[in-house]
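Contents: one structure, followed by commentary.
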Amino acid sequence: GEDVEQSLFLSVREGDSSVINCTYTDSSSTYLYWYKQEPGAGLQLLTYIFSNMDMKQDQRLTVLLNKKDKHLSLRIADTQTGDSAIYFCAGWDSSASKIIFGSGTRLSIRP
Amino acid sequence: EAGVAQSPRYKIIEKRQSVAFWCNPISGHATLYWYQQILGQGPKLLIQFQNNGVVDDSQLPKDRFSAERLKGVDSTLKIQPAKLEDSAVYLCASSSGLADPRETQYFGPGTRLLVL
């Protein structure tokens with residue numbers, strides 16, 4: 001089955017780029033996701049990438065996928081205070097037909 | 001379009017008591033999920049319904065947890081009796097179709113449970 005790991009904290013200055021990293025174990029994961037959780041709220045799907053892609057860009061968000069190293073990253077350009085949240089990396093476990101979430105990276109923004 | 005609704009938002013109980021959570025998914029969504037999110041961890045799937053049938057309850061501690069989705073719409077998750085380690089946020093999510101990696105899951109705000 002799938003296992004997903006990510007660092008717990010990241011602090012960046014407002015206006016800088018944020019890069020959140022994640023590693024996963026299941027090389028057969030067809031879909032990998034990034035979710036955002038704001039305080040007191042549920043998770044919101046930000047973006048996802050299919051395993052036959054290396055990169056996906058969506059406005060300020062860029063997802064990079066390195067299948068060889070089983071490494072996924074999320075880059076947020078021009079980070080704003082509204083980006084403060086916990087970001088979850090997740091993968092599709094095809095053997096169990098469900099999404100497996102990492103522990104989340106808390107992004108804090110410095111003025 | 002209204003989102004996924006959950007109630008209550010917060011609940012404090014003593015161990016060995018029982019508690020129930022309610023979820024109303026997005027209208028028309030066939031698939032409903034209950035997740036447990038322990039502090040500092042990602043959500044873990046407890047149970048998944050397709051309409052009113054259970055698709056996956058492999059991670060549901062069935063000696064104390066139960067869930068139902070009567071009429072294939074809203075759902076309740078019950079814990080009886082509660083243990084200290086059940087303290088967590090219980091998230092409900094729904095998606096329009098079958099469990100498919102391309103189907104977006106929409107999450108409710110969660111119910112935060114504290115067991116003393």
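Ordered as shown in the structure tokens, chains take letters A, B, and onward, while each chain numbers its residues from 1 and ligands are numbered from 1 in the order shown.
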
Query raised in the report: Please, which residues of chain A lie no more than 6 Å from chain B when the count uses only C-alpha atoms, and can they be set out as a ChimeraX atom specification?
Result: /A:41-43,101-103

Based on the selection just made, write N, CA and C atoms of those residues as a PDB file, in the first residue's frame.
```pdb
ATOM      1  N   ALA A  41     -11.374  24.244   9.308  1.00  0.00           N
ATOM      2  CA  ALA A  41     -12.066  23.876   8.072  1.00  0.00           C
ATOM      3  C   ALA A  41     -11.664  22.484   7.615  1.00  0.00           C
ATOM      4  N   GLY A  42     -12.447  21.954   6.700  1.00  0.00           N
ATOM      5  CA  GLY A  42     -12.101  20.672   6.102  1.00  0.00           C
ATOM      6  C   GLY A  42     -11.016  20.838   5.051  1.00  0.00           C
ATOM      7  N   LEU A  43     -10.682  19.766   4.398  1.00  0.00           N
ATOM      8  CA  LEU A  43      -9.648  19.811   3.369  1.00  0.00           C
ATOM      9  C   LEU A  43     -10.234  20.271   2.044  1.00  0.00           C
ATOM     10  N   PHE A 101      -3.178   9.944   2.907  1.00  0.00           N
ATOM     11  CA  PHE A 101      -2.685  11.292   3.172  1.00  0.00           C
ATOM     12  C   PHE A 101      -1.386  11.249   3.975  1.00  0.00           C
ATOM     13  N   GLY A 102      -0.515  12.230   3.706  1.00  0.00           N
ATOM     14  CA  GLY A 102       0.631  12.467   4.566  1.00  0.00           C
ATOM     15  C   GLY A 102       0.186  13.195   5.828  1.00  0.00           C
ATOM     16  N   SER A 103       1.145  13.514   6.697  1.00  0.00           N
ATOM     17  CA  SER A 103       0.819  14.143   7.979  1.00  0.00           C
ATOM     18  C   SER A 103       0.627  15.650   7.885  1.00  0.00           C
TER      19      SER A 103
END
```

Requested in this report: Taking the chain letters and numbering used in this document, name the residues of stretch 25-88 of chain B that DSSP puts in strand (DSSP E or B), as a list in words.
Outcome: Thr31, Leu32, Tyr33, Trp34, Tyr35, Gln36, Gln37, Lys44, Leu45, Leu46, Ile47, Gln48, Phe49, Gln50, Gly53, Val54, Val55, Asp56, Phe65, Ser66, Ala67, Glu68, Ser75, Thr76, Leu77, Lys78, Ile79 and Ala88 of chain B

Query raised in the report: Given the choices B:Leu46, B:Leu60, B:Leu113, B:Ala30, which gets closest to A:Lys98 if the distance is worked out from only C-alpha atoms?
Result: B:Leu46

Query raised in the report: Using only C-alpha atoms, which residues sit within 6 Å of stretch 11-22 of chain B once same-chain residues fewer than 2 positions away are excluded, as JSON, numbers by chain?
Result: {"B": [6, 7, 75, 76, 77, 78, 79, 80, 81, 82, 83, 113, 114, 115, 116]}

Could those residues be written to a file, using all heavy atoms, as an mmCIF file, in the first residue's frame?
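Result file follows (again.cif):
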```cif
data_model
loop_
_atom_site.group_PDB
_atom_site.id
_atom_site.type_symbol
_atom_site.label_atom_id
_atom_site.label_comp_id
_atom_site.auth_asym_id
_atom_site.auth_seq_id
_atom_site.Cartn_x
_atom_site.Cartn_y
_atom_site.Cartn_z
ATOM 1 N N GLN B 6 -21.798 19.186 8.604
ATOM 2 C CA GLN B 6 -21.547 18.271 9.713
ATOM 3 C C GLN B 6 -22.013 18.911 11.010
ATOM 4 O O GLN B 6 -21.918 20.128 11.186
ATOM 5 C CB GLN B 6 -20.060 17.935 9.849
ATOM 6 C CG GLN B 6 -19.515 17.101 8.726
ATOM 7 C CD GLN B 6 -18.096 16.638 9.007
ATOM 8 O OE1 GLN B 6 -17.147 17.043 8.337
ATOM 9 N NE2 GLN B 6 -17.940 15.773 9.998
ATOM 10 N N SER B 7 -22.494 18.074 11.910
ATOM 11 C CA SER B 7 -22.824 18.565 13.254
ATOM 12 C C SER B 7 -22.648 17.434 14.256
ATOM 13 O O SER B 7 -22.735 16.247 13.883
ATOM 14 C CB SER B 7 -24.257 19.106 13.295
ATOM 15 O OG SER B 7 -25.179 18.053 13.128
ATOM 16 N N SER B 75 -25.669 10.640 6.819
ATOM 17 C CA SER B 75 -25.012 9.526 7.508
ATOM 18 C C SER B 75 -24.737 9.891 8.953
ATOM 19 O O SER B 75 -24.577 11.071 9.294
ATOM 20 C CB SER B 75 -23.699 9.189 6.806
ATOM 21 O OG SER B 75 -22.971 8.194 7.501
ATOM 22 N N THR B 76 -24.690 8.879 9.802
ATOM 23 C CA THR B 76 -24.262 9.076 11.191
ATOM 24 C C THR B 76 -23.124 8.121 11.517
ATOM 25 O O THR B 76 -23.085 6.985 11.023
ATOM 26 C CB THR B 76 -25.413 8.838 12.186
ATOM 27 O OG1 THR B 76 -25.942 7.523 11.952
ATOM 28 C CG2 THR B 76 -26.504 9.860 12.027
ATOM 29 N N LEU B 77 -22.201 8.614 12.308
ATOM 30 C CA LEU B 77 -21.084 7.821 12.816
ATOM 31 C C LEU B 77 -21.192 7.824 14.339
ATOM 32 O O LEU B 77 -21.356 8.880 14.940
ATOM 33 C CB LEU B 77 -19.754 8.437 12.392
ATOM 34 C CG LEU B 77 -18.474 7.797 12.925
ATOM 35 C CD1 LEU B 77 -18.262 6.422 12.305
ATOM 36 C CD2 LEU B 77 -17.255 8.688 12.641
ATOM 37 N N LYS B 78 -21.157 6.643 14.926
ATOM 38 C CA LYS B 78 -21.320 6.534 16.382
ATOM 39 C C LYS B 78 -20.106 5.854 17.001
ATOM 40 O O LYS B 78 -19.518 4.939 16.406
ATOM 41 C CB LYS B 78 -22.578 5.731 16.720
ATOM 42 C CG LYS B 78 -23.863 6.377 16.272
ATOM 43 C CD LYS B 78 -25.073 5.509 16.599
ATOM 44 C CE LYS B 78 -26.355 6.141 16.094
ATOM 45 N NZ LYS B 78 -27.548 5.289 16.316
ATOM 46 N N ILE B 79 -19.777 6.316 18.207
ATOM 47 C CA ILE B 79 -18.719 5.684 18.987
ATOM 48 C C ILE B 79 -19.323 5.301 20.340
ATOM 49 O O ILE B 79 -19.913 6.129 21.025
ATOM 50 C CB ILE B 79 -17.520 6.635 19.226
ATOM 51 C CG1 ILE B 79 -17.022 7.232 17.913
ATOM 52 C CG2 ILE B 79 -16.388 5.875 19.914
ATOM 53 C CD1 ILE B 79 -15.918 8.274 18.085
ATOM 54 N N GLN B 80 -19.192 4.014 20.683
ATOM 55 C CA GLN B 80 -19.757 3.548 21.944
ATOM 56 C C GLN B 80 -19.042 2.276 22.393
ATOM 57 O O GLN B 80 -19.155 1.246 21.697
ATOM 58 C CB GLN B 80 -21.249 3.264 21.780
ATOM 59 C CG GLN B 80 -21.946 2.829 23.048
ATOM 60 C CD GLN B 80 -23.436 2.573 22.842
ATOM 61 O OE1 GLN B 80 -23.925 2.484 21.720
ATOM 62 N NE2 GLN B 80 -24.158 2.441 23.925
ATOM 63 N N PRO B 81 -18.304 2.296 23.495
ATOM 64 C CA PRO B 81 -17.973 3.435 24.334
ATOM 65 C C PRO B 81 -16.711 4.137 23.829
ATOM 66 O O PRO B 81 -15.855 3.518 23.213
ATOM 67 C CB PRO B 81 -17.688 2.759 25.688
ATOM 68 C CG PRO B 81 -17.086 1.446 25.307
ATOM 69 C CD PRO B 81 -17.769 1.035 24.017
ATOM 70 N N ALA B 82 -16.605 5.420 24.106
ATOM 71 C CA ALA B 82 -15.451 6.183 23.644
ATOM 72 C C ALA B 82 -14.226 5.926 24.518
ATOM 73 O O ALA B 82 -14.340 5.687 25.724
ATOM 74 C CB ALA B 82 -15.777 7.672 23.636
ATOM 75 N N LYS B 83 -13.061 5.981 23.893
ATOM 76 C CA LYS B 83 -11.783 5.883 24.595
ATOM 77 C C LYS B 83 -11.022 7.189 24.411
ATOM 78 O O LYS B 83 -11.317 7.973 23.495
ATOM 79 C CB LYS B 83 -10.955 4.726 24.034
ATOM 80 C CG LYS B 83 -11.510 3.349 24.308
ATOM 81 C CD LYS B 83 -10.538 2.286 23.829
ATOM 82 C CE LYS B 83 -11.008 0.882 24.209
ATOM 83 N NZ LYS B 83 -10.055 -0.164 23.790
ATOM 84 N N LEU B 113 -13.743 16.123 18.424
ATOM 85 C CA LEU B 113 -14.130 15.344 19.613
ATOM 86 C C LEU B 113 -12.992 15.315 20.613
ATOM 87 O O LEU B 113 -11.854 15.008 20.261
ATOM 88 C CB LEU B 113 -14.479 13.907 19.219
ATOM 89 C CG LEU B 113 -14.754 12.937 20.377
ATOM 90 C CD1 LEU B 113 -16.018 13.333 21.123
ATOM 91 C CD2 LEU B 113 -14.827 11.506 19.890
ATOM 92 N N LEU B 114 -13.320 15.632 21.857
ATOM 93 C CA LEU B 114 -12.367 15.513 22.949
ATOM 94 C C LEU B 114 -12.937 14.537 23.966
ATOM 95 O O LEU B 114 -14.044 14.741 24.467
ATOM 96 C CB LEU B 114 -12.103 16.872 23.596
ATOM 97 C CG LEU B 114 -11.130 16.880 24.773
ATOM 98 C CD1 LEU B 114 -9.753 16.369 24.345
ATOM 99 C CD2 LEU B 114 -11.005 18.282 25.379
ATOM 100 N N VAL B 115 -12.195 13.483 24.242
ATOM 101 C CA VAL B 115 -12.605 12.476 25.223
ATOM 102 C C VAL B 115 -11.747 12.647 26.470
ATOM 103 O O VAL B 115 -10.509 12.577 26.384
ATOM 104 C CB VAL B 115 -12.462 11.054 24.660
ATOM 105 C CG1 VAL B 115 -12.945 10.031 25.682
ATOM 106 C CG2 VAL B 115 -13.240 10.909 23.364
ATOM 107 N N LEU B 116 -12.400 12.909 27.595
ATOM 108 C CA LEU B 116 -11.670 13.152 28.853
ATOM 109 C C LEU B 116 -11.704 11.927 29.757
ATOM 110 O O LEU B 116 -12.638 11.127 29.700
ATOM 111 C CB LEU B 116 -12.279 14.346 29.585
ATOM 112 C CG LEU B 116 -12.297 15.671 28.799
ATOM 113 C CD1 LEU B 116 -13.024 16.741 29.583
ATOM 114 C CD2 LEU B 116 -10.866 16.121 28.499
#
```

Requested in this report: With a distance cut-off of 8 Å and only C-alpha atoms, select the neighbouring residues of A:Phe9, excluding the residue or stretch itself and same-chain residues fewer than 2 positions from it, and output the selection as a list of chain:residue names.
Outcome: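 Here the answer would be A:Ser7, A:Ser11, A:Thr105, A:Arg106, A:Leu107, A:Ser108.
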
Report task. Would you work out the distance separating atom CA of A:Ser97 from atom CA of B:Glu103, expressed in Å to one decimal? Result -> 11.7 Å

Requested in this report: Could you check how far atom CA of A:Ser95 sits from atom CA of A:Tyr24, in Å to one decimal?
Outcome: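 Interatomic distance here is 14.8 Å.
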